[in-house]
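To start, the structure itself, in structure tokens.
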4 protein chains.
Amino acid sequence: MWKTGITKIEPNHIVTRGYRQEDLIGNVPFAHTIFLLLKGKMPSEKEGKMIDAILTSSIDHGVTPPTTLAARTVASAGVPLPTAVAAGILAVGDVHGGAIEQCAQILQSWANKGKPDKVAKSLLNKLKTQGKRMPGIGHRIHTEDPRTKKLFAMAKQLKIAGVHVALMKAIEKEINKDRKKPLPVNVDGAIGAVVSDMGFDWQLGKAFFLLGRAAGLVAHVYEEMSREKPMRRLCKPETEYDGPWERNL
Amino acid sequence: MWKTGITKIEPNHIVTRGYRQEDLIGNVPFAHTIFLLLKGKMPSEKEGKMIDAILTSSIDHGVTPPTTLAARTVASAGVPLPTAVAAGILAVGDVHGGAIEQCAQILQSWANKGKPDKVAKSLLNKLKTQGKRMPGIGHRIHTEDPRTKKLFAMAKQLKIAGVHVALMKAIEKEINKDRKKPLPVNVDGAIGAVVSDMGFDWQLGKAFFLLGRAAGLVAHVYEEMSREKPMRRLCKPETEYDGPWERNL
Amino acid sequence: MWKTGITKIEPNHIVTRGYRQEDLIGNVPFAHTIFLLLKGKMPSEKEGKMIDAILTSSIDHGVTPPTTLAARTVASAGVPLPTAVAAGILAVGDVHGGAIEQCAQILQSWANKGKPDKVAKSLLNKLKTQGKRMPGIGHRIHTEDPRTKKLFAMAKQLKIAGVHVALMKAIEKEINKDRKKPLPVNVDGAIGAVVSDMGFDWQLGKAFFLLGRAAGLVAHVYEEMSREKPMRRLCKPETEYDGPWERNL
Amino acid sequence: MWKTGITKIEPNHIVTRGYRQEDLIGNVPFAHTIFLLLKGKMPSEKEGKMIDAILTSSIDHGVTPPTTLAARTVASAGVPLPTAVAAGILAVGDVHGGAIEQCAQILQSWANKGKPDKVAKSLLNKLKTQGKRMPGIGHRIHTEDPRTKKLFAMAKQLKIAGVHVALMKAIEKEINKDRKKPLPVNVDGAIGAVVSDMGFDWQLGKAFFLLGRAAGLVAHVYEEMSREKPMRRLCKPETEYDGPWERNL
């Protein structure tokens, strides 16, 4: 016997998380339905707005991220669209999107330990002694990530921001105390903090990035298929072979 | 030089299809943003409602479809969430979600040839002589798919339904003229017809299914990871080995 | 009831294609076992040598092919080794490895129509009128592919070369009759011709490439994981955004 | 600059790990070439025999393992062969094939600590206090895995078996001291021990399983494509929906 709490299927009757699909379709925004699927209950109006914003904040970041590069590379080899999109999703990994999960996990185990400023200091000290960095901080291109700013502003305005966002901001402040070049909270860190305040399990961290990015990946794969030649050289790295010298068997 | 019309990345500045991402986030519903990504322009309010409904209509159909079975099977082997979701997406194939594309392709090349009833007859005759069936018709469980009904009702109400939906309905009527057990338009057929009336390239057919289903796949993979034992027997098919008799080398 | 001719599983007893696995292990070379799996019967000594050579001929072609680039890109995102290798395998597509299948399909339907030279002419004329090219011919780097040469030499020496290799060579001769820059049979074309002479279904075409290349992909993924920094910029394409001008919502 | 020690590509000249590919093809068995790719040097005759046996020991275990079930499920949805094979490879995870890696990691850090019997006791005590089990022990079907027996016999005969195999056997002995139903070393445990004695990095653990299993997956995908109907019900689990009661929006 295989139990599932997601969808009940009967002839002409499909019920997801308790709601008939024909009731959800057209009445509940798609992003709210995603919340329903992941949480098992309908979001409040504010939660719905927030999850919608989170999904949009992950849609695309140009052609260079591993997700996009992998998807376009596979698309260029002449495969169906879903195969190429899936290749992109495989690149949602510990160092690409993974900071959401790592950051949420840390915030969820520290946020209730006391005042944000004090907790931030202890946490950063602990990480330092472990030779680790706080995930969700820093970006190779942006010094102030416009997506972070917007997500934090919305979380505040919607009264969703709580102890996790407060801790994340305290961490950012502490890290930047004596720095000249700012290390900002990046979009992964912002999502990790906000979904923690929304009560999501940190193990779902990569899912938010994945669901937003899937949309951008479809656009890239379609662009590759419709605008570019098959098997074009997407990437011409200068390479140096440093293996064994040529030799006879 | 690699040209892309999707996203421009500059430090602290991310522009997708002409819009700053911080403007999209929280202001444009996620489903509308998906339309923007795929079409390159913002949907009208009506188009936005329609694409949102289409995405929700594909979210989930229980544990048995290949997408879900593949995702849960892979999840049960102890892999990261995105790896399992991607395995599910690989199962969006010619016979699972693929009818959207096939149906849209046919509708787009026939819909402008004349009156729906007449065109439906010619088309079905042609398919018959080729030994083919009309894709997007029939379902192994539903005799009247509640998702189809809702999508067609919305398309009509939003004044999006045009020649393609008309042709699809004429085809359904023609096919069922002399049948006792009804062969209804399924959800793939409904999506294929509606996205054709929205001006989408049929080559994007599988993308609508994929983007909706990704949400359900995340829910299933998370349920598998959090409720079930690793490597449980998801499936115990009765098997019969009919290969060569056992023999010595 | 699910029938399979591949493997019978009983407690302490595993029989594949009729042979006990403990008999195959260590007694039958791995490449011969692959032949056994695909064909259902043990190869002759000559067939075993040939399939072994074919698998080795596909192992690796440096960092730029889509298979390798996709695998290393995904590996750089911090995922398990099999996830990255699978991403590479997804790039075995119609224009990357796919020529084996296309070439074998064409050869298998033309090779028995008459003398190679004459058939080659008719075939090339037919393809020309269809606006198509013969697959398996030409390479973006090699003018004389050393793998092709070796495979054809072995096929001849082992007396495996038959009508399909003969036709492929006739096609090459005909194509190059009036060319200055040679268009040689590439490794895909050679494999397509030889496996056709070995009686393999053309639908298995991509499998030979995939099974050989999987070995190279493992080496690349392992090299990426052990020698390179996570999320390094594998590829810095010069890009130009040519989407809509920046605009307000 | 991108350094690689695997393959050097020049026009008409392909050198892998120092050897010209045309020299490898047909002269070095495919399994030996895999060793060369993974280790960077040619195996001795004995190492070559051993790696060949290891690869064959992973080829197939019928239709129920997650790798095979995922591959056939995806194949049934109407996708290209490599897409379905890749879906199977995604299921090489921590609890399916992953024991090779976990077992090799443990053996490699304990094997040089002293006499096998004593080390086995300490190790098992340590694992017990951590609430963990030794990976590579036990099988849901086999009480004496014929593959393990053969691999260990070969490792002994070829004089490859060393401290790691000795420790693994001591662990098995210790675990089974007071048991009635035997818990045998399974094929993962055997491979983990033998590749450790061959000097392979434990991080390559899943690779040996993956490379062997890829062959079986191709056979299964091809069997699914050529013998079965598209979208057949591969699996009809009895399911029970235990989500929220049906409700109105």
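Ligands are numbered from 1 in the order shown, residues from 1 within each chain, and chains are lettered A, B, ... in the order they appear in the structure tokens.
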Worksheet item: Which residues, written as a PyMOL selection string, have at least one atom at most 7 Å from C:Val185, with only C-alpha atoms counted and residues fewer than 6 positions away on the same chain left out?
Response: chain C and resi 136-138+148+172
Worksheet item: Out of stretch 10-210 of chain A, which residues get strand (DSSP E) from DSSP, as a PyMOL selection string?
Response: chain A and resi 10+13-16+19-20
Would you export the selected residues with all heavy atoms as a compact mmCIF listing (two decimals), in the first residue's frame, please?
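To be explicit, this is the file written out as again.txt:
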```
# COMPACT_ATOMS: atom_id res chain seq x y z
N GLU A 10 -9.67 9.83 -9.37
CA GLU A 10 -10.80 8.95 -9.68
C GLU A 10 -11.31 9.35 -11.06
O GLU A 10 -11.00 10.45 -11.53
CB GLU A 10 -11.91 9.15 -8.63
CG GLU A 10 -11.49 8.65 -7.25
CD GLU A 10 -12.46 9.13 -6.17
OE1 GLU A 10 -13.36 9.94 -6.48
OE2 GLU A 10 -12.27 8.71 -5.01
N HIS A 13 -12.41 13.02 -11.84
CA HIS A 13 -12.37 13.65 -10.53
C HIS A 13 -10.92 13.66 -10.02
O HIS A 13 -10.35 12.61 -9.75
CB HIS A 13 -13.27 12.82 -9.58
CG HIS A 13 -13.55 13.49 -8.28
ND1 HIS A 13 -14.20 14.70 -8.18
CD2 HIS A 13 -13.25 13.13 -7.01
CE1 HIS A 13 -14.32 15.03 -6.91
NE2 HIS A 13 -13.74 14.11 -6.17
N ILE A 14 -10.32 14.84 -9.94
CA ILE A 14 -8.92 14.96 -9.53
C ILE A 14 -8.83 15.93 -8.37
O ILE A 14 -9.19 17.11 -8.51
CB ILE A 14 -8.05 15.49 -10.69
CG1 ILE A 14 -8.34 14.71 -11.98
CG2 ILE A 14 -6.58 15.42 -10.34
CD1 ILE A 14 -7.69 15.31 -13.22
N VAL A 15 -8.39 15.43 -7.23
CA VAL A 15 -8.37 16.25 -6.02
C VAL A 15 -6.95 16.39 -5.50
O VAL A 15 -6.30 15.40 -5.17
CB VAL A 15 -9.25 15.61 -4.93
CG1 VAL A 15 -9.15 16.38 -3.62
CG2 VAL A 15 -10.70 15.54 -5.40
N THR A 16 -6.45 17.62 -5.45
CA THR A 16 -5.08 17.88 -5.01
C THR A 16 -5.08 18.64 -3.70
O THR A 16 -5.67 19.72 -3.61
CB THR A 16 -4.32 18.65 -6.10
OG1 THR A 16 -4.16 17.79 -7.24
CG2 THR A 16 -2.94 19.08 -5.61
N TYR A 19 -8.37 19.96 -2.74
CA TYR A 19 -9.14 20.81 -3.67
C TYR A 19 -9.31 20.14 -5.03
O TYR A 19 -8.36 19.57 -5.56
CB TYR A 19 -8.45 22.16 -3.85
CG TYR A 19 -8.32 22.93 -2.56
CD1 TYR A 19 -7.12 22.93 -1.84
CD2 TYR A 19 -9.40 23.64 -2.05
CE1 TYR A 19 -7.01 23.63 -0.64
CE2 TYR A 19 -9.30 24.34 -0.85
CZ TYR A 19 -8.10 24.32 -0.15
OH TYR A 19 -8.00 25.00 1.03
N ARG A 20 -10.50 20.25 -5.59
CA ARG A 20 -10.71 19.76 -6.95
C ARG A 20 -9.86 20.61 -7.91
O ARG A 20 -9.86 21.84 -7.82
CB ARG A 20 -12.19 19.88 -7.32
CG ARG A 20 -13.08 18.88 -6.58
CD ARG A 20 -14.55 19.11 -6.85
NE ARG A 20 -15.06 20.32 -6.18
CZ ARG A 20 -15.42 20.39 -4.90
NH1 ARG A 20 -15.36 19.32 -4.12
NH2 ARG A 20 -15.85 21.52 -4.38
```
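Note that atom CA of D:Asp188 and atom CA of D:His139 are 9.9 Å apart.
Among the candidate residues C:Gly48, C:Gly78, C:Gly98, C:Gly88, the one lying nearest to chain A is C:Gly78, with distances computed using only C-alpha atoms.
Contact shell of A:Ala207 at 10 Å (only C-alpha atoms; same-chain neighbours under 6 positions omitted): Leu38, Leu55, Val92, Gly97, Gly98, Ile100, Glu101 and Arg213 of chain A; Leu81, Pro82, Val85, Ala214, Ala215, Val218, Ala219 and Tyr222 of chain B.
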Store the residues of this selection in a file with N, CA and C atoms, as a short mmCIF file (atom, residue, chain, number, x, y, z; two decimals), in the first residue's frame.
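What landed in part_27.cif:
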```
data_model
loop_
_atom_site.label_atom_id
_atom_site.label_comp_id
_atom_site.auth_asym_id
_atom_site.auth_seq_id
_atom_site.Cartn_x
_atom_site.Cartn_y
_atom_site.Cartn_z
N LEU A 38 3.52 22.35 -1.91
CA LEU A 38 4.68 22.13 -1.05
C LEU A 38 4.33 22.11 0.43
N LEU A 55 9.60 32.99 -6.45
CA LEU A 55 9.74 32.23 -7.70
C LEU A 55 10.27 33.12 -8.81
N VAL A 92 21.38 22.34 -10.55
CA VAL A 92 21.01 22.97 -9.28
C VAL A 92 21.70 22.14 -8.19
N GLY A 97 22.59 27.51 -6.22
CA GLY A 97 21.24 27.40 -5.67
C GLY A 97 21.24 26.73 -4.30
N GLY A 98 22.30 25.97 -4.05
CA GLY A 98 22.36 25.19 -2.81
C GLY A 98 22.47 26.05 -1.55
N ILE A 100 20.64 28.36 -0.62
CA ILE A 100 19.30 28.55 -0.02
C ILE A 100 19.09 27.53 1.09
N GLU A 101 19.35 26.29 0.75
CA GLU A 101 19.16 25.19 1.68
C GLU A 101 20.13 25.29 2.87
N ARG A 213 13.76 28.85 -11.86
CA ARG A 213 14.73 28.74 -12.94
C ARG A 213 14.24 27.90 -14.11
N LEU B 81 17.33 16.40 -4.23
CA LEU B 81 16.01 16.70 -4.78
C LEU B 81 16.02 17.10 -6.26
N PRO B 82 16.90 18.01 -6.71
CA PRO B 82 16.84 18.38 -8.13
C PRO B 82 17.15 17.22 -9.07
N VAL B 85 13.86 15.35 -9.40
CA VAL B 85 12.88 16.12 -10.19
C VAL B 85 13.26 16.08 -11.66
N ALA B 214 6.48 20.29 -12.99
CA ALA B 214 7.65 20.43 -12.11
C ALA B 214 7.21 20.67 -10.66
N ALA B 215 6.15 21.44 -10.49
CA ALA B 215 5.66 21.73 -9.14
C ALA B 215 5.17 20.46 -8.44
N VAL B 218 8.16 18.20 -7.48
CA VAL B 218 8.84 18.61 -6.25
C VAL B 218 8.06 18.08 -5.04
N ALA B 219 6.75 18.21 -5.06
CA ALA B 219 5.94 17.72 -3.94
C ALA B 219 6.11 16.21 -3.77
N TYR B 222 9.65 15.35 -2.46
CA TYR B 222 9.75 15.72 -1.05
C TYR B 222 8.96 14.73 -0.19
#
```
